Amino acid sequence: KAGVTQTPRYLIKTRGQQVTLSCSPISGHRSVSWYQQTPGQGLQFLFEYFSETQRNKGNFPGRFSGRQFSNSRSEMNVSTLELGDSALYLCASSLLAGVSGANVLTFGAGSRLTVL
Amino acid sequence: AQSVAQPEDQVNVAEGNPLTVKCTYSVSGNPYLFWYVQYPNRGLQFLLKYITGDNLVKGSYGFEAEFNKSQTSFHLKKPSALVSDSALYFCAVRDNNNNDMRFGAGTRLTVKP
């Protein structure tokens, strides 16, 4: 079955612009989590969605937002881009969310954002 | 909130030697612990997890990890390293209160022939 699909894979933006990233989870998975990966900070948790509801949110400014649709696909948006937003943005899906902490996350290949 | 520490940025081993990648965690309640591996230009791939039961967990590609509650550690091990094991390894923890999964900063493993 198809894995987690993230689009676009690569994008370049300039400071002040906004960007929307998309994530299609594995069929049947209802939970989607987003992470920001940078060389110095590792993986930082952004947010987690389940059944169109945000369940958890990381420590990021309000410029970072997300949503989940009824088909479990998710988008994240970053407004007023800053140079420090350059990163690999990873999406992960799992069958359930938090009902069992043992749920394994399946990751997409990521969207690499470069802000100039 | 839960957190993970991977004290080594880089681990170098020779092919055929045993390898250990260290991880310690902090969580309230019982932890769910995971190891993931990332190859260049790829997302993270699941290796193994500890939920409960036997402290020694076996996973993919010959990797195993030992849960030590008193030391709050979950070190990743492999008896004989391969050059193809060279990658970035992440330890992660999730508590049993429906909180999100938190990752360590990652350890880059290099296995030299």
# chains A, B, ... in the order shown; residues from 1 in each chain; ligands from 1
$ interface_residues --of "chain B" --to "chain A" --cutoff "8 Å" --atoms "only C-alpha atoms" --output "list in words"
Tyr32, Asn41, Arg42, Gly43, Leu44, Gln45, Phe46, Lys49, Ile51, Arg94, Asp95, Asn96, Asn97, Asn98, Asn99, Asp100, Met101, Arg102, Phe103, Gly104, Ala105 and Gly106 of chain B
$ residues_around --residues "Val111 (chain B)" --least-positions-apart "4" --cutoff "7 Å" --atoms "only C-alpha atoms" --output "list in words"
Asn12, Val13, Ala14, Glu15, Ala81, Leu82, Val83, Asp85 and Ser86 of chain B
$ write_last_selection --atoms "N, CA and C atoms" --output "PDB file, in the first residue's frame"
ATOM      1  N   ASN B  12      31.396   6.331  15.790  1.00  0.00           N
ATOM      2  CA  ASN B  12      32.163   5.680  14.731  1.00  0.00           C
ATOM      3  C   ASN B  12      32.554   4.288  15.179  1.00  0.00           C
ATOM      4  N   VAL B  13      32.293   3.307  14.337  1.00  0.00           N
ATOM      5  CA  VAL B  13      32.705   1.939  14.636  1.00  0.00           C
ATOM      6  C   VAL B  13      33.250   1.296  13.371  1.00  0.00           C
ATOM      7  N   ALA B  14      34.036   0.255  13.570  1.00  0.00           N
ATOM      8  CA  ALA B  14      34.550  -0.494  12.429  1.00  0.00           C
ATOM      9  C   ALA B  14      33.578  -1.612  12.089  1.00  0.00           C
ATOM     10  N   GLU B  15      33.481  -1.913  10.806  1.00  0.00           N
ATOM     11  CA  GLU B  15      32.600  -2.981  10.355  1.00  0.00           C
ATOM     12  C   GLU B  15      32.941  -4.272  11.083  1.00  0.00           C
ATOM     13  N   ALA B  81      28.384  -4.596  13.314  1.00  0.00           N
ATOM     14  CA  ALA B  81      27.961  -3.477  12.467  1.00  0.00           C
ATOM     15  C   ALA B  81      28.298  -3.721  10.993  1.00  0.00           C
ATOM     16  N   LEU B  82      27.433  -3.174  10.141  1.00  0.00           N
ATOM     17  CA  LEU B  82      27.645  -3.203   8.691  1.00  0.00           C
ATOM     18  C   LEU B  82      27.845  -1.775   8.182  1.00  0.00           C
ATOM     19  N   VAL B  83      28.580  -1.650   7.093  1.00  0.00           N
ATOM     20  CA  VAL B  83      28.755  -0.322   6.500  1.00  0.00           C
ATOM     21  C   VAL B  83      27.398   0.290   6.164  1.00  0.00           C
ATOM     22  N   ASP B  85      24.784   0.199   7.776  1.00  0.00           N
ATOM     23  CA  ASP B  85      24.102   0.724   8.966  1.00  0.00           C
ATOM     24  C   ASP B  85      24.377   2.214   9.156  1.00  0.00           C
ATOM     25  N   SER B  86      25.315   2.757   8.410  1.00  0.00           N
ATOM     26  CA  SER B  86      25.656   4.174   8.539  1.00  0.00           C
ATOM     27  C   SER B  86      24.433   5.025   8.217  1.00  0.00           C
TER      28      SER B  86
END
$ select_by_dssp --residues "chain A" --states "strand (DSSP E)" --output "PDB file with C-alpha atoms, in the first residue's frame"
ATOM      1  CA  THR A   5       3.039  11.247   0.658  1.00  0.00           C
ATOM      2  CA  GLN A   6       4.279  14.772   1.143  1.00  0.00           C
ATOM      3  CA  THR A   7       4.133  17.535  -1.430  1.00  0.00           C
ATOM      4  CA  TYR A  10      11.371  20.861  -2.397  1.00  0.00           C
ATOM      5  CA  LEU A  11      10.490  24.525  -2.419  1.00  0.00           C
ATOM      6  CA  ILE A  12      12.183  27.869  -2.205  1.00  0.00           C
ATOM      7  CA  LYS A  13      10.512  30.937  -0.763  1.00  0.00           C
ATOM      8  CA  VAL A  19       3.865  28.406   2.377  1.00  0.00           C
ATOM      9  CA  THR A  20       1.463  25.482   2.525  1.00  0.00           C
ATOM     10  CA  LEU A  21       2.686  21.900   2.761  1.00  0.00           C
ATOM     11  CA  SER A  22       0.515  18.872   2.165  1.00  0.00           C
ATOM     12  CA  CYS A  23       0.517  15.390   3.652  1.00  0.00           C
ATOM     13  CA  SER A  24      -1.512  12.356   2.595  1.00  0.00           C
ATOM     14  CA  SER A  31      -3.660  10.569  12.931  1.00  0.00           C
ATOM     15  CA  VAL A  32      -1.167  12.950  11.363  1.00  0.00           C
ATOM     16  CA  SER A  33       1.778  14.563  13.115  1.00  0.00           C
ATOM     17  CA  TRP A  34       4.141  17.223  11.825  1.00  0.00           C
ATOM     18  CA  TYR A  35       7.778  17.734  12.763  1.00  0.00           C
ATOM     19  CA  GLN A  36      10.423  20.263  11.823  1.00  0.00           C
ATOM     20  CA  GLN A  37      13.917  18.861  11.323  1.00  0.00           C
ATOM     21  CA  THR A  38      16.979  21.074  11.361  1.00  0.00           C
ATOM     22  CA  GLY A  42      16.874  17.544  15.527  1.00  0.00           C
ATOM     23  CA  LEU A  43      13.161  16.837  15.249  1.00  0.00           C
ATOM     24  CA  GLN A  44      10.882  19.365  16.852  1.00  0.00           C
ATOM     25  CA  PHE A  45       7.215  18.520  17.288  1.00  0.00           C
ATOM     26  CA  LEU A  46       4.815  20.932  15.604  1.00  0.00           C
ATOM     27  CA  PHE A  47       1.324  19.469  16.002  1.00  0.00           C
ATOM     28  CA  GLU A  48      -0.772  16.341  15.887  1.00  0.00           C
ATOM     29  CA  TYR A  49      -4.213  15.933  14.362  1.00  0.00           C
ATOM     30  CA  PHE A  50      -6.784  13.215  14.776  1.00  0.00           C
ATOM     31  CA  THR A  53      -9.015  17.976  15.622  1.00  0.00           C
ATOM     32  CA  GLN A  54      -5.689  19.244  16.844  1.00  0.00           C
ATOM     33  CA  ARG A  55      -4.746  17.043  19.787  1.00  0.00           C
ATOM     34  CA  ASN A  56      -1.324  18.359  20.670  1.00  0.00           C
ATOM     35  CA  LYS A  57       0.733  21.375  19.764  1.00  0.00           C
ATOM     36  CA  PHE A  64       2.760  27.853  12.156  1.00  0.00           C
ATOM     37  CA  SER A  65      -0.674  26.381  11.712  1.00  0.00           C
ATOM     38  CA  GLY A  66      -2.236  23.231  10.407  1.00  0.00           C
ATOM     39  CA  ARG A  67      -5.449  21.466   9.709  1.00  0.00           C
ATOM     40  CA  GLN A  68      -6.780  18.049   8.860  1.00  0.00           C
ATOM     41  CA  SER A  74      -3.384  17.312   6.413  1.00  0.00           C
ATOM     42  CA  GLU A  75      -1.833  20.642   5.536  1.00  0.00           C
ATOM     43  CA  MET A  76       0.465  22.896   7.459  1.00  0.00           C
ATOM     44  CA  ASN A  77       0.944  26.556   6.768  1.00  0.00           C
ATOM     45  CA  VAL A  78       3.732  28.903   7.705  1.00  0.00           C
ATOM     46  CA  ALA A  87      14.123  23.059   7.398  1.00  0.00           C
ATOM     47  CA  LEU A  88      12.883  19.643   6.423  1.00  0.00           C
ATOM     48  CA  TYR A  89       9.244  19.341   7.403  1.00  0.00           C
ATOM     49  CA  LEU A  90       8.235  15.781   8.117  1.00  0.00           C
ATOM     50  CA  CYS A  91       4.753  14.402   8.286  1.00  0.00           C
ATOM     51  CA  ALA A  92       3.955  11.107   9.990  1.00  0.00           C
ATOM     52  CA  SER A  93       0.764   9.121  10.189  1.00  0.00           C
ATOM     53  CA  SER A  94      -0.466   6.439  12.532  1.00  0.00           C
ATOM     54  CA  THR A 106       5.170   6.142   9.615  1.00  0.00           C
ATOM     55  CA  PHE A 107       7.002   9.071   8.091  1.00  0.00           C
ATOM     56  CA  SER A 111       9.248  18.726   2.289  1.00  0.00           C
ATOM     57  CA  ARG A 112      12.492  20.664   2.235  1.00  0.00           C
ATOM     58  CA  LEU A 113      11.822  24.358   2.577  1.00  0.00           C
ATOM     59  CA  THR A 114      14.500  26.927   1.852  1.00  0.00           C
ATOM     60  CA  VAL A 115      13.818  30.530   2.796  1.00  0.00           C
TER      61      VAL A 115
END
$ residues_around --residues "Phe34 (chain B)" --least-positions-apart "4" --cutoff "7 Å" --atoms "only C-alpha atoms" --output "NGL selection string"
:B and (48-50 or 91-93)
$ write_last_selection --atoms "C-alpha atoms" --output "mmCIF file, in the first residue's frame"
data_model
loop_
_atom_site.group_PDB
_atom_site.id
_atom_site.type_symbol
_atom_site.label_atom_id
_atom_site.label_comp_id
_atom_site.auth_asym_id
_atom_site.auth_seq_id
_atom_site.Cartn_x
_atom_site.Cartn_y
_atom_site.Cartn_z
ATOM 1 C CA LEU B 48 11.909 -1.129 17.194
ATOM 2 C CA LYS B 49 9.846 -0.195 20.222
ATOM 3 C CA TYR B 50 9.519 -0.975 23.904
ATOM 4 C CA CYS B 91 15.405 7.780 19.898
ATOM 5 C CA ALA B 92 11.837 8.795 20.784
ATOM 6 C CA VAL B 93 9.529 8.625 23.777
#
$ residues_around --residues "region 1-3 of chain B" --least-positions-apart "6" --cutoff "6 Å" --atoms "only C-alpha atoms" --output "ChimeraX atom specification"
/B:25-27
